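Coordinates from query_26.cif are shown below (mmCIF, C-alpha atoms and all ligand atoms).
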```cif
data_start
loop_
_atom_site.label_atom_id
_atom_site.label_comp_id
_atom_site.auth_asym_id
_atom_site.auth_seq_id
_atom_site.Cartn_x
_atom_site.Cartn_y
_atom_site.Cartn_z
CA MET Z 1 -122.53 26.60 -40.44
CA VAL Z 2 -119.11 27.26 -38.87
CA LEU Z 3 -116.11 25.56 -40.44
CA ASN Z 4 -112.81 25.25 -38.66
CA CYS Z 5 -109.97 26.94 -40.51
CA TYR Z 6 -107.10 25.39 -38.66
CA GLU Z 7 -108.07 22.52 -36.38
CA ASN Z 8 -110.29 23.88 -33.56
CA ASP Z 9 -108.22 27.06 -33.48
CA TYR Z 10 -110.17 30.27 -33.05
CA GLU Z 11 -107.28 32.64 -32.43
CA HIS Z 12 -108.28 34.48 -35.56
CA MET Z 13 -111.63 35.59 -34.04
CA ASN Z 14 -112.02 39.37 -34.49
CA THR Z 15 -109.35 39.47 -37.19
CA TYR Z 16 -110.14 40.42 -40.78
CA ALA Z 17 -109.75 38.84 -44.18
CA LEU Z 18 -109.04 41.49 -46.81
CA ILE Z 19 -110.35 40.43 -50.22
CA THR Z 20 -109.83 42.46 -53.38
CA GLY Z 21 -112.32 42.20 -56.23
CA ALA Z 22 -115.05 40.88 -53.94
CA SER Z 23 -118.04 42.60 -55.59
CA GLN Z 24 -118.79 39.60 -57.84
CA GLY Z 25 -117.39 36.41 -59.36
CA LEU Z 26 -114.77 34.37 -57.56
CA GLY Z 27 -114.04 37.10 -54.99
CA LYS Z 28 -117.61 37.06 -53.71
CA TYR Z 29 -117.51 33.30 -53.10
CA LEU Z 30 -114.09 33.53 -51.44
CA ALA Z 31 -115.68 36.07 -49.07
CA VAL Z 32 -118.54 33.68 -48.30
CA GLU Z 33 -116.09 30.85 -47.51
CA LEU Z 34 -114.16 33.07 -45.09
CA ALA Z 35 -117.38 34.33 -43.46
CA LYS Z 36 -118.34 30.68 -42.85
CA ARG Z 37 -115.08 30.39 -40.88
CA LYS Z 38 -116.00 33.44 -38.80
CA TYR Z 39 -113.55 35.91 -40.28
CA ASN Z 40 -114.58 39.55 -40.33
CA LEU Z 41 -114.30 40.88 -43.87
CA LEU Z 42 -112.89 43.92 -45.64
CA LEU Z 43 -114.12 43.76 -49.23
CA VAL Z 44 -112.65 46.04 -51.89
CA ALA Z 45 -113.76 46.82 -55.46
CA ARG Z 46 -114.93 49.77 -57.57
CA SER Z 47 -118.72 49.18 -57.68
CA VAL Z 48 -120.42 50.42 -54.54
CA GLN Z 49 -123.80 48.88 -55.38
CA ALA Z 50 -122.38 45.44 -56.08
CA LEU Z 51 -120.33 45.57 -52.86
CA GLU Z 52 -123.41 46.62 -50.87
CA ALA Z 53 -125.36 43.69 -52.36
CA VAL Z 54 -122.62 41.21 -51.40
CA LYS Z 55 -122.49 42.71 -47.90
CA LYS Z 56 -126.26 42.35 -47.46
CA GLU Z 57 -126.18 38.74 -48.63
CA ILE Z 58 -123.31 37.73 -46.32
CA VAL Z 59 -124.37 39.51 -43.11
CA ARG Z 60 -127.88 38.06 -43.48
CA THR Z 61 -126.51 34.58 -42.79
CA HIS Z 62 -123.19 35.13 -41.00
CA ASN Z 63 -122.65 36.88 -37.70
CA ILE Z 64 -119.50 38.81 -38.65
CA THR Z 65 -118.41 42.43 -39.14
CA LEU Z 66 -118.18 43.32 -42.81
CA THR Z 67 -116.63 46.54 -44.11
CA ILE Z 68 -116.58 47.60 -47.73
CA LEU Z 69 -114.14 49.97 -49.41
CA VAL Z 70 -114.70 51.44 -52.86
CA LEU Z 71 -111.33 51.81 -54.53
CA ASP Z 72 -109.84 51.59 -58.01
CA LEU Z 73 -106.96 49.20 -57.43
CA SER Z 74 -105.32 49.99 -60.75
CA ALA Z 75 -104.40 53.44 -59.40
CA ILE Z 76 -100.73 53.82 -58.50
CA ASP Z 77 -101.41 54.78 -54.85
CA ALA Z 78 -104.17 52.19 -54.27
CA SER Z 79 -102.18 49.87 -52.02
CA THR Z 80 -100.97 52.66 -49.70
CA LYS Z 81 -104.53 54.04 -49.50
CA LEU Z 82 -105.76 50.58 -48.53
CA ARG Z 83 -102.96 50.13 -45.98
CA ASP Z 84 -103.79 53.57 -44.48
CA PHE Z 85 -107.48 52.63 -44.28
CA CYS Z 86 -106.59 49.47 -42.30
CA VAL Z 87 -104.43 51.55 -39.92
CA THR Z 88 -107.06 54.28 -39.43
CA GLU Z 89 -109.83 51.73 -38.82
CA SER Z 90 -107.54 49.60 -36.58
CA LEU Z 91 -108.29 46.46 -38.57
CA GLU Z 92 -106.28 43.40 -37.63
CA ILE Z 93 -105.66 41.57 -40.90
CA SER Z 94 -104.82 37.88 -40.80
CA VAL Z 95 -105.82 36.86 -44.34
CA LEU Z 96 -105.03 38.69 -47.58
CA VAL Z 97 -106.68 37.57 -50.81
CA ASN Z 98 -105.35 39.27 -53.94
CA ASN Z 99 -108.19 38.33 -56.27
CA ALA Z 100 -108.96 41.48 -58.32
CA GLY Z 101 -107.71 41.09 -61.86
CA PHE Z 102 -108.79 41.15 -65.48
CA GLY Z 103 -107.72 40.09 -68.95
CA LEU Z 104 -107.97 41.61 -72.42
CA TRP Z 105 -108.43 39.51 -75.54
CA GLY Z 106 -106.81 40.71 -78.76
CA SER Z 107 -103.47 41.29 -80.38
CA PHE Z 108 -100.89 43.16 -78.30
CA GLU Z 109 -100.48 45.69 -81.08
CA ARG Z 110 -104.21 46.48 -81.45
CA LEU Z 111 -105.29 46.58 -77.81
CA SER Z 112 -105.04 50.00 -76.19
CA MET Z 113 -101.77 50.53 -74.32
CA VAL Z 114 -103.65 52.44 -71.61
CA ASP Z 115 -105.92 49.44 -70.99
CA GLN Z 116 -103.00 47.01 -71.01
CA GLN Z 117 -101.08 49.26 -68.61
CA ASN Z 118 -104.08 49.30 -66.27
CA MET Z 119 -104.09 45.51 -66.40
CA ILE Z 120 -100.40 45.43 -65.46
CA ASN Z 121 -101.08 47.93 -62.66
CA LEU Z 122 -103.88 45.80 -61.22
CA ASN Z 123 -102.66 42.23 -61.88
CA ILE Z 124 -99.00 42.88 -61.05
CA SER Z 125 -98.17 46.23 -59.41
CA THR Z 126 -101.00 46.53 -56.89
CA LEU Z 127 -100.91 42.81 -56.09
CA THR Z 128 -97.21 43.15 -55.28
CA SER Z 129 -97.35 46.40 -53.31
CA LEU Z 130 -100.48 45.37 -51.41
CA THR Z 131 -98.77 42.14 -50.37
CA TYR Z 132 -95.81 44.25 -49.23
CA HIS Z 133 -97.87 46.83 -47.30
CA ILE Z 134 -100.20 44.31 -45.64
CA LEU Z 135 -97.37 41.98 -44.62
CA PRO Z 136 -96.60 43.82 -41.34
CA PHE Z 137 -100.25 43.24 -40.27
CA LEU Z 138 -99.99 39.54 -41.15
CA ILE Z 139 -96.66 38.94 -39.41
CA LYS Z 140 -98.13 40.19 -36.11
CA ASN Z 141 -100.34 37.08 -35.89
CA LYS Z 142 -99.18 33.63 -34.90
CA ARG Z 143 -100.56 32.35 -38.20
CA SER Z 144 -101.66 34.26 -41.30
CA TYR Z 145 -102.48 33.48 -44.90
CA ILE Z 146 -102.06 35.03 -48.33
CA LEU Z 147 -104.05 33.71 -51.28
CA GLN Z 148 -102.94 35.01 -54.67
CA ILE Z 149 -105.14 34.42 -57.72
CA ALA Z 150 -103.22 33.54 -60.88
CA SER Z 151 -104.64 31.35 -63.69
CA THR Z 152 -103.79 28.28 -65.75
CA ALA Z 153 -102.58 30.98 -68.17
CA ALA Z 154 -99.60 31.25 -65.79
CA TYR Z 155 -98.24 27.95 -67.12
CA GLN Z 156 -97.75 29.00 -70.75
CA PRO Z 157 -97.71 32.01 -73.04
CA VAL Z 158 -101.13 32.62 -74.65
CA PRO Z 159 -101.06 34.59 -77.93
CA SER Z 160 -104.04 37.03 -77.96
CA LEU Z 161 -103.95 37.10 -74.15
CA ALA Z 162 -100.26 37.95 -74.14
CA VAL Z 163 -100.01 40.54 -71.36
CA TYR Z 164 -102.63 38.77 -69.24
CA ALA Z 165 -100.82 35.41 -69.40
CA ALA Z 166 -97.50 37.10 -68.65
CA SER Z 167 -99.06 38.89 -65.66
CA LYS Z 168 -100.31 35.60 -64.24
CA ALA Z 169 -96.91 33.90 -64.76
CA TYR Z 170 -95.53 36.74 -62.62
CA VAL Z 171 -98.14 36.13 -59.90
CA LEU Z 172 -97.32 32.42 -59.75
CA SER Z 173 -93.57 32.99 -59.61
CA LEU Z 174 -93.83 35.70 -56.94
CA SER Z 175 -96.19 33.59 -54.83
CA ARG Z 176 -93.96 30.51 -54.90
CA SER Z 177 -90.92 32.55 -53.83
CA LEU Z 178 -92.86 34.26 -51.04
CA HIS Z 179 -94.21 30.91 -49.83
CA HIS Z 180 -90.64 29.90 -48.99
CA GLU Z 181 -89.57 33.34 -47.70
CA LEU Z 182 -92.52 33.81 -45.34
CA LYS Z 183 -93.03 30.28 -44.00
CA SER Z 184 -90.73 30.89 -41.03
CA LYS Z 185 -92.68 34.07 -40.17
CA GLY Z 186 -95.96 32.17 -39.80
CA VAL Z 187 -97.39 33.48 -43.09
CA ARG Z 188 -98.49 30.83 -45.56
CA VAL Z 189 -98.71 31.81 -49.21
CA THR Z 190 -100.92 29.88 -51.64
CA CYS Z 191 -101.36 30.53 -55.35
CA LEU Z 192 -104.65 29.50 -57.00
CA CYS Z 193 -104.49 28.76 -60.75
CA PRO Z 194 -108.03 28.36 -62.06
CA GLY Z 195 -109.05 27.81 -65.67
CA PRO Z 196 -112.21 29.31 -67.17
CA MET Z 197 -114.96 30.11 -64.65
CA GLU Z 198 -118.51 31.36 -65.03
CA THR Z 199 -117.90 34.97 -63.92
CA GLY Z 200 -117.71 38.45 -65.41
CA PHE Z 201 -114.16 37.74 -66.64
CA SER Z 202 -115.00 36.89 -70.28
CA ASP Z 203 -117.19 39.95 -70.79
CA ARG Z 204 -114.57 42.32 -69.38
CA ALA Z 205 -111.89 40.65 -71.52
CA GLY Z 206 -114.06 41.06 -74.63
CA MET Z 207 -114.03 37.29 -75.13
CA GLN Z 208 -117.75 36.84 -75.92
CA ALA Z 209 -116.88 35.35 -79.34
CA LEU Z 210 -115.03 32.52 -77.56
CA ALA Z 211 -118.08 31.54 -75.47
CA HIS Z 212 -118.44 28.24 -77.38
CA LEU Z 213 -114.97 27.30 -76.10
CA THR Z 214 -115.01 28.62 -72.52
CA GLU Z 215 -118.58 27.47 -71.77
CA LYS Z 216 -117.52 23.85 -72.34
CA TYR Z 217 -114.88 24.09 -69.61
CA ASN Z 218 -116.29 26.77 -67.31
CA MET Z 219 -116.13 25.87 -63.62
CA ASN Z 220 -118.55 27.17 -61.01
CA PRO Z 221 -116.69 29.89 -59.03
CA GLU Z 222 -118.39 28.74 -55.82
CA ILE Z 223 -116.79 25.29 -56.14
CA VAL Z 224 -113.41 26.86 -57.00
CA ALA Z 225 -113.63 29.15 -53.95
CA GLN Z 226 -114.43 26.23 -51.62
CA LYS Z 227 -111.40 24.31 -52.86
CA ALA Z 228 -109.14 27.39 -52.75
CA ILE Z 229 -109.93 28.30 -49.14
CA LYS Z 230 -109.63 24.71 -47.94
CA GLU Z 231 -106.21 24.36 -49.59
CA MET Z 232 -105.07 27.78 -48.36
CA PHE Z 233 -105.69 26.73 -44.76
CA SER Z 234 -103.84 23.48 -45.38
CA GLY Z 235 -100.83 25.56 -46.44
CA LYS Z 236 -100.63 24.27 -50.02
CA ILE Z 237 -98.28 26.24 -52.24
CA GLU Z 238 -100.17 25.89 -55.55
CA VAL Z 239 -103.76 24.87 -56.30
CA VAL Z 240 -105.15 23.90 -59.71
CA PRO Z 241 -108.89 23.21 -59.40
CA GLY Z 242 -110.64 20.77 -61.76
CA VAL Z 243 -109.54 17.77 -63.79
CA MET Z 244 -109.37 19.57 -67.17
CA ASN Z 245 -107.13 22.27 -65.71
CA LYS Z 246 -104.85 19.66 -64.16
CA ILE Z 247 -104.61 17.92 -67.55
CA GLN Z 248 -103.76 21.25 -69.22
CA ARG Z 249 -101.04 21.93 -66.68
CA PHE Z 250 -99.61 18.42 -67.20
CA GLY Z 251 -99.63 19.00 -70.98
CA ASP Z 252 -97.80 22.31 -70.52
CA TRP Z 253 -95.13 20.46 -68.57
CA LEU Z 254 -94.93 17.46 -70.94
CA PHE Z 255 -95.04 18.88 -74.45
CA PRO Z 256 -92.55 21.20 -76.16
CA LYS Z 257 -93.35 24.87 -75.53
CA TYR Z 258 -93.62 25.68 -79.21
CA MET Z 259 -96.35 23.03 -79.60
CA THR Z 260 -98.52 24.22 -76.67
CA GLU Z 261 -98.08 27.84 -77.74
CA ARG Z 262 -99.29 27.01 -81.27
CA ILE Z 263 -102.32 25.19 -79.89
CA ALA Z 264 -103.12 28.17 -77.62
CA ALA Z 265 -102.60 30.59 -80.54
CA ASN Z 266 -105.18 28.67 -82.61
CA LEU Z 267 -107.69 28.33 -79.77
CA TYR Z 268 -107.55 32.01 -78.77
CA LYS Z 269 -107.10 33.49 -82.27
CA LYS Z 270 -109.09 36.71 -82.75
N1 LIG E 301 -113.10 33.74 -64.76
C1 LIG E 301 -112.09 33.15 -65.32
O1 LIG E 301 -112.24 32.50 -66.37
C2 LIG E 301 -110.73 33.22 -64.69
C3 LIG E 301 -110.42 34.23 -63.78
N2 LIG E 301 -109.17 34.24 -63.21
C4 LIG E 301 -108.83 35.28 -62.24
O2 LIG E 301 -109.76 35.28 -61.17
C5 LIG E 301 -109.78 36.56 -60.56
C6 LIG E 301 -111.21 36.97 -60.30
O3 LIG E 301 -111.86 37.23 -61.53
P1 LIG E 301 -113.35 36.78 -61.83
O4 LIG E 301 -114.13 36.66 -60.60
O5 LIG E 301 -113.30 35.64 -62.75
O6 LIG E 301 -113.80 38.04 -62.69
P2 LIG E 301 -114.94 39.15 -62.45
O7 LIG E 301 -114.75 40.12 -63.56
O8 LIG E 301 -116.26 38.50 -62.27
O9 LIG E 301 -114.51 39.84 -61.07
C7 LIG E 301 -113.42 40.69 -60.98
C8 LIG E 301 -113.45 41.42 -59.65
O10 LIG E 301 -112.35 42.32 -59.60
C9 LIG E 301 -112.82 43.64 -59.35
N3 LIG E 301 -112.00 44.61 -60.05
C10 LIG E 301 -111.71 44.66 -61.36
N4 LIG E 301 -110.97 45.73 -61.64
C11 LIG E 301 -110.78 46.39 -60.48
C12 LIG E 301 -110.10 47.58 -60.11
N5 LIG E 301 -109.46 48.34 -61.02
N6 LIG E 301 -110.11 47.98 -58.83
C13 LIG E 301 -110.76 47.24 -57.89
N7 LIG E 301 -111.42 46.10 -58.18
C14 LIG E 301 -111.43 45.69 -59.46
C15 LIG E 301 -114.26 43.65 -59.87
O11 LIG E 301 -115.04 44.60 -59.19
P3 LIG E 301 -115.43 46.03 -59.77
O12 LIG E 301 -115.73 45.86 -61.22
O13 LIG E 301 -116.60 46.40 -58.91
O14 LIG E 301 -114.26 46.89 -59.51
C16 LIG E 301 -114.71 42.24 -59.47
O15 LIG E 301 -115.12 42.23 -58.13
C17 LIG E 301 -108.99 37.49 -61.48
O16 LIG E 301 -107.71 37.70 -60.95
C18 LIG E 301 -108.90 36.70 -62.79
O17 LIG E 301 -107.76 37.02 -63.53
C19 LIG E 301 -108.25 33.27 -63.45
C20 LIG E 301 -108.52 32.27 -64.32
C21 LIG E 301 -109.76 32.17 -65.04
N1 LIG E 302 -110.45 32.43 -68.54
C1 LIG E 302 -109.03 32.55 -68.58
C2 LIG E 302 -108.55 33.04 -67.29
O1 LIG E 302 -107.44 33.17 -66.92
C3 LIG E 302 -108.49 31.22 -68.97
O2 LIG E 302 -108.69 30.92 -70.13
O3 LIG E 302 -107.90 30.48 -68.19
#
```
Give the structure from this file in C-alpha cells form.
Amino acid sequence: MVLNCYENDYEHMNTYALITGASQGLGKYLAVELAKRKYNLLLVARSVQALEAVKKEIVRTHNITLTILVLDLSAIDASTKLRDFCVTESLEISVLVNNAGFGLWGSFERLSMVDQQNMINLNISTLTSLTYHILPFLIKNKRSYILQIASTAAYQPVPSLAVYAASKAYVLSLSRSLHHELKSKGVRVTCLCPGPMETGFSDRAGMQALAHLTEKYNMNPEIVAQKAIKEMFSGKIEVVPGVMNKIQRFGDWLFPKYMTERIAANLYKK
C-alpha cells in the first residue's frame, strides 16, 4: 500500500527519513509508516540484531532502500558522527525523527548520576544537536519535516521521573519554537506527546512495579505512529494521541500545578 504524504506529491522520492531509536517500540512503527509512503530509511540505534530484524521486516514488504547505523546516541559526538555518515553516503534527508529516548524511575537522589546524565545527553543534547546538524540537509528540499518525540510528561513535573519529565518539557518547548522559526524555510516541526505505550520503555525505566497502572492506559505504538506521521505531514505543531492523554493534558492546564504534581507524586511513588 502506498500512502500519499502530501497530496499526490512525490518530490520526496529517493530522499531519506532518518529515524533514531528505530530498533523497536514506537521508532519501528514510525519507520513502517514512512516506508508505506515510499521514503528510503536510515535507522539508528545501538542493537545491531534488532535493527537487522526491523530492516528484514520492512524491506520484505516495501520497495525502498533501507540503511542501518549502529550508534550510541548518548555519546557526546553522536550527532556529528551521524551528520558525517549522511555526507559520506550522500543521503538526501527530508524527514528527521528524533525518537530515541528513555526514562528512569526513582528518586533523583538515589538514581545514578551517570545514568541520569546519559538520559540528558540522549533526550536533550543529542536531540538538539542532531536537529541542528541535519537542518542544512532539510532546508535544501522544498518541503521537509521534523518529528520530535516528547511525552505527556512534558506538561507537568513528575516526582520520581523528575529528570525525564524535565527533559520532555525541554523537547516540547524547543519544538514549538522551532516550528515558528523554520516554517518560512519549508521545514515543518511537529512534537508528539504520547502517554504510556506498550514498548520497552517501562522495562528500561525500571518501572515494572507500576505495570498495574501503565497497563490500564497503555496505547499500541503502531496506532500512535500512524497518528503521528499523519499529523506530521499535515504540519500540526503538537500531537497528543488518545482520549486519556488529552484529558490528562486538559487537567494539567485546568488545575493548580501543586494539585497535579501531588497526584503525580502519589501515582509514581517508588
Ligand atoms: N513507551 C512509553 O510509555 C512512552 C515513550 N515515550 C517516548 O517515546 C520514545 C520511544 O520510546 P519507546 O519506543 O517507548 O521505548 P523503547 O525502549 O521500546 O525504544 C527506545 C528506542 O531508542 C533506542 N535507544 C535507546 N537508547 C539509545 C542510545 N543511547 N543510542 C541509540 N539509540 C537508543 C532503542 O534502541 P537500542 O536499545 O537498540 O539502542 C530503541 O530503539 C522515547 O523518546 C520515549 O521517551 C513517550 C511517552 C511514553
Ligand atoms: N510512560 C511514560 C512516558 O513518558 C508516561 O508515563 O507518560
Would you kindly return, as an MDAnalysis selection string, each protein, DNA or RNA residue with an atom no farther than 6 Å from any atom of range 79-94 of chain Z, considering all atoms listed in the file and excluding same-chain residues fewer than 3 positions away? chainID Z and resid 15:17 130 137:138 144
Around all the atoms of range 149-167 of chain Z listed in the file, draw an axis-aligned box and extend it by 8 Å on each of the six sides; I want its centre and edge lengths in Å to one decimal, as lines of an AutoDock Vina configuration file.
```
center_x = -101.3
center_y = 34.2
center_z = -67.8
size_x = 23.6
size_y = 28.6
size_z = 36.2
```
To one decimal place, how far is atom O16 of ligand LIG 301 (chain E) from CA of Lys142 in chain Z in Å?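 Straight-line distance from atom O16 of ligand LIG 301 (chain E) to CA of Lys142 in chain Z works out to 27.7 Å.
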For ligand LIG 302 (chain E), return the neighbouring residues as an NGL selection string (distance at most 6 Å; only C-alpha atoms and all ligand atoms). :Z and (151-153 or 195-196)
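Distances here use all atoms listed in the file; by that measure, the residue among Z:Asn14, Z:Gln116, Z:Gln24, Z:Ser177 closest to Glu198 in chain Z is Z:Gln24.
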Using all atoms listed in the file, pick whichever of Z:Arg143, Z:Lys227, Z:Lys36, Z:Arg204 has the shortest atom-to-atom distance to ligand LIG 301 (chain E).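 For ligand LIG 301 (chain E), the nearest of the given residues is Z:Arg204.
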Of the candidates Z:Glu215, Z:Glu57, Z:Glu238, Z:Glu52, which shows the shortest atom-to-atom distance to Leu192 in chain Z, using all atoms listed in the file?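 Result for the nearest residue to Leu192 in chain Z: Z:Glu238.
Closest approach to Thr128 in chain Z among Z:Tyr145, Z:Val114, Z:His12, Z:Ser74 is made by Z:Ser74 (distances from all atoms listed in the file).
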Any chance you could turn range 43-54 of chain Z into a file with N, CA and C atoms, as a CSV table (one decimal), in the first residue's frame?
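Written output follows (selection-v5.csv):
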```csv
chain,number,residue,atom,x,y,z
Z,43,LEU,N,17.9,4.1,9.7
Z,43,LEU,CA,17.5,3.7,11.0
Z,43,LEU,C,18.7,3.6,12.0
Z,44,VAL,N,18.6,4.3,13.1
Z,44,VAL,CA,19.8,4.3,14.0
Z,44,VAL,C,19.4,3.8,15.4
Z,45,ALA,N,20.2,3.0,16.0
Z,45,ALA,CA,20.1,2.5,17.4
Z,45,ALA,C,21.4,1.8,17.8
Z,46,ARG,N,21.4,1.2,19.0
Z,46,ARG,CA,22.6,0.6,19.4
Z,46,ARG,C,22.6,-0.9,19.1
Z,47,SER,N,21.4,-1.6,19.0
Z,47,SER,CA,21.4,-3.0,18.8
Z,47,SER,C,21.4,-3.5,17.4
Z,48,VAL,N,22.5,-4.0,16.9
Z,48,VAL,CA,22.6,-4.4,15.5
Z,48,VAL,C,21.6,-5.5,15.1
Z,49,GLN,N,21.4,-6.5,16.0
Z,49,GLN,CA,20.5,-7.6,15.7
Z,49,GLN,C,19.0,-7.1,15.5
Z,50,ALA,N,18.6,-6.2,16.5
Z,50,ALA,CA,17.3,-5.7,16.4
Z,50,ALA,C,17.1,-4.8,15.2
Z,51,LEU,N,18.1,-4.0,14.8
Z,51,LEU,CA,18.0,-3.2,13.6
Z,51,LEU,C,17.9,-4.1,12.4
Z,52,GLU,N,18.7,-5.1,12.3
Z,52,GLU,CA,18.7,-6.0,11.2
Z,52,GLU,C,17.3,-6.7,11.1
Z,53,ALA,N,16.7,-7.0,12.2
Z,53,ALA,CA,15.4,-7.7,12.1
Z,53,ALA,C,14.3,-6.7,11.6
Z,54,VAL,N,14.4,-5.4,12.0
Z,54,VAL,CA,13.4,-4.4,11.6
Z,54,VAL,C,13.7,-4.2,10.1
```
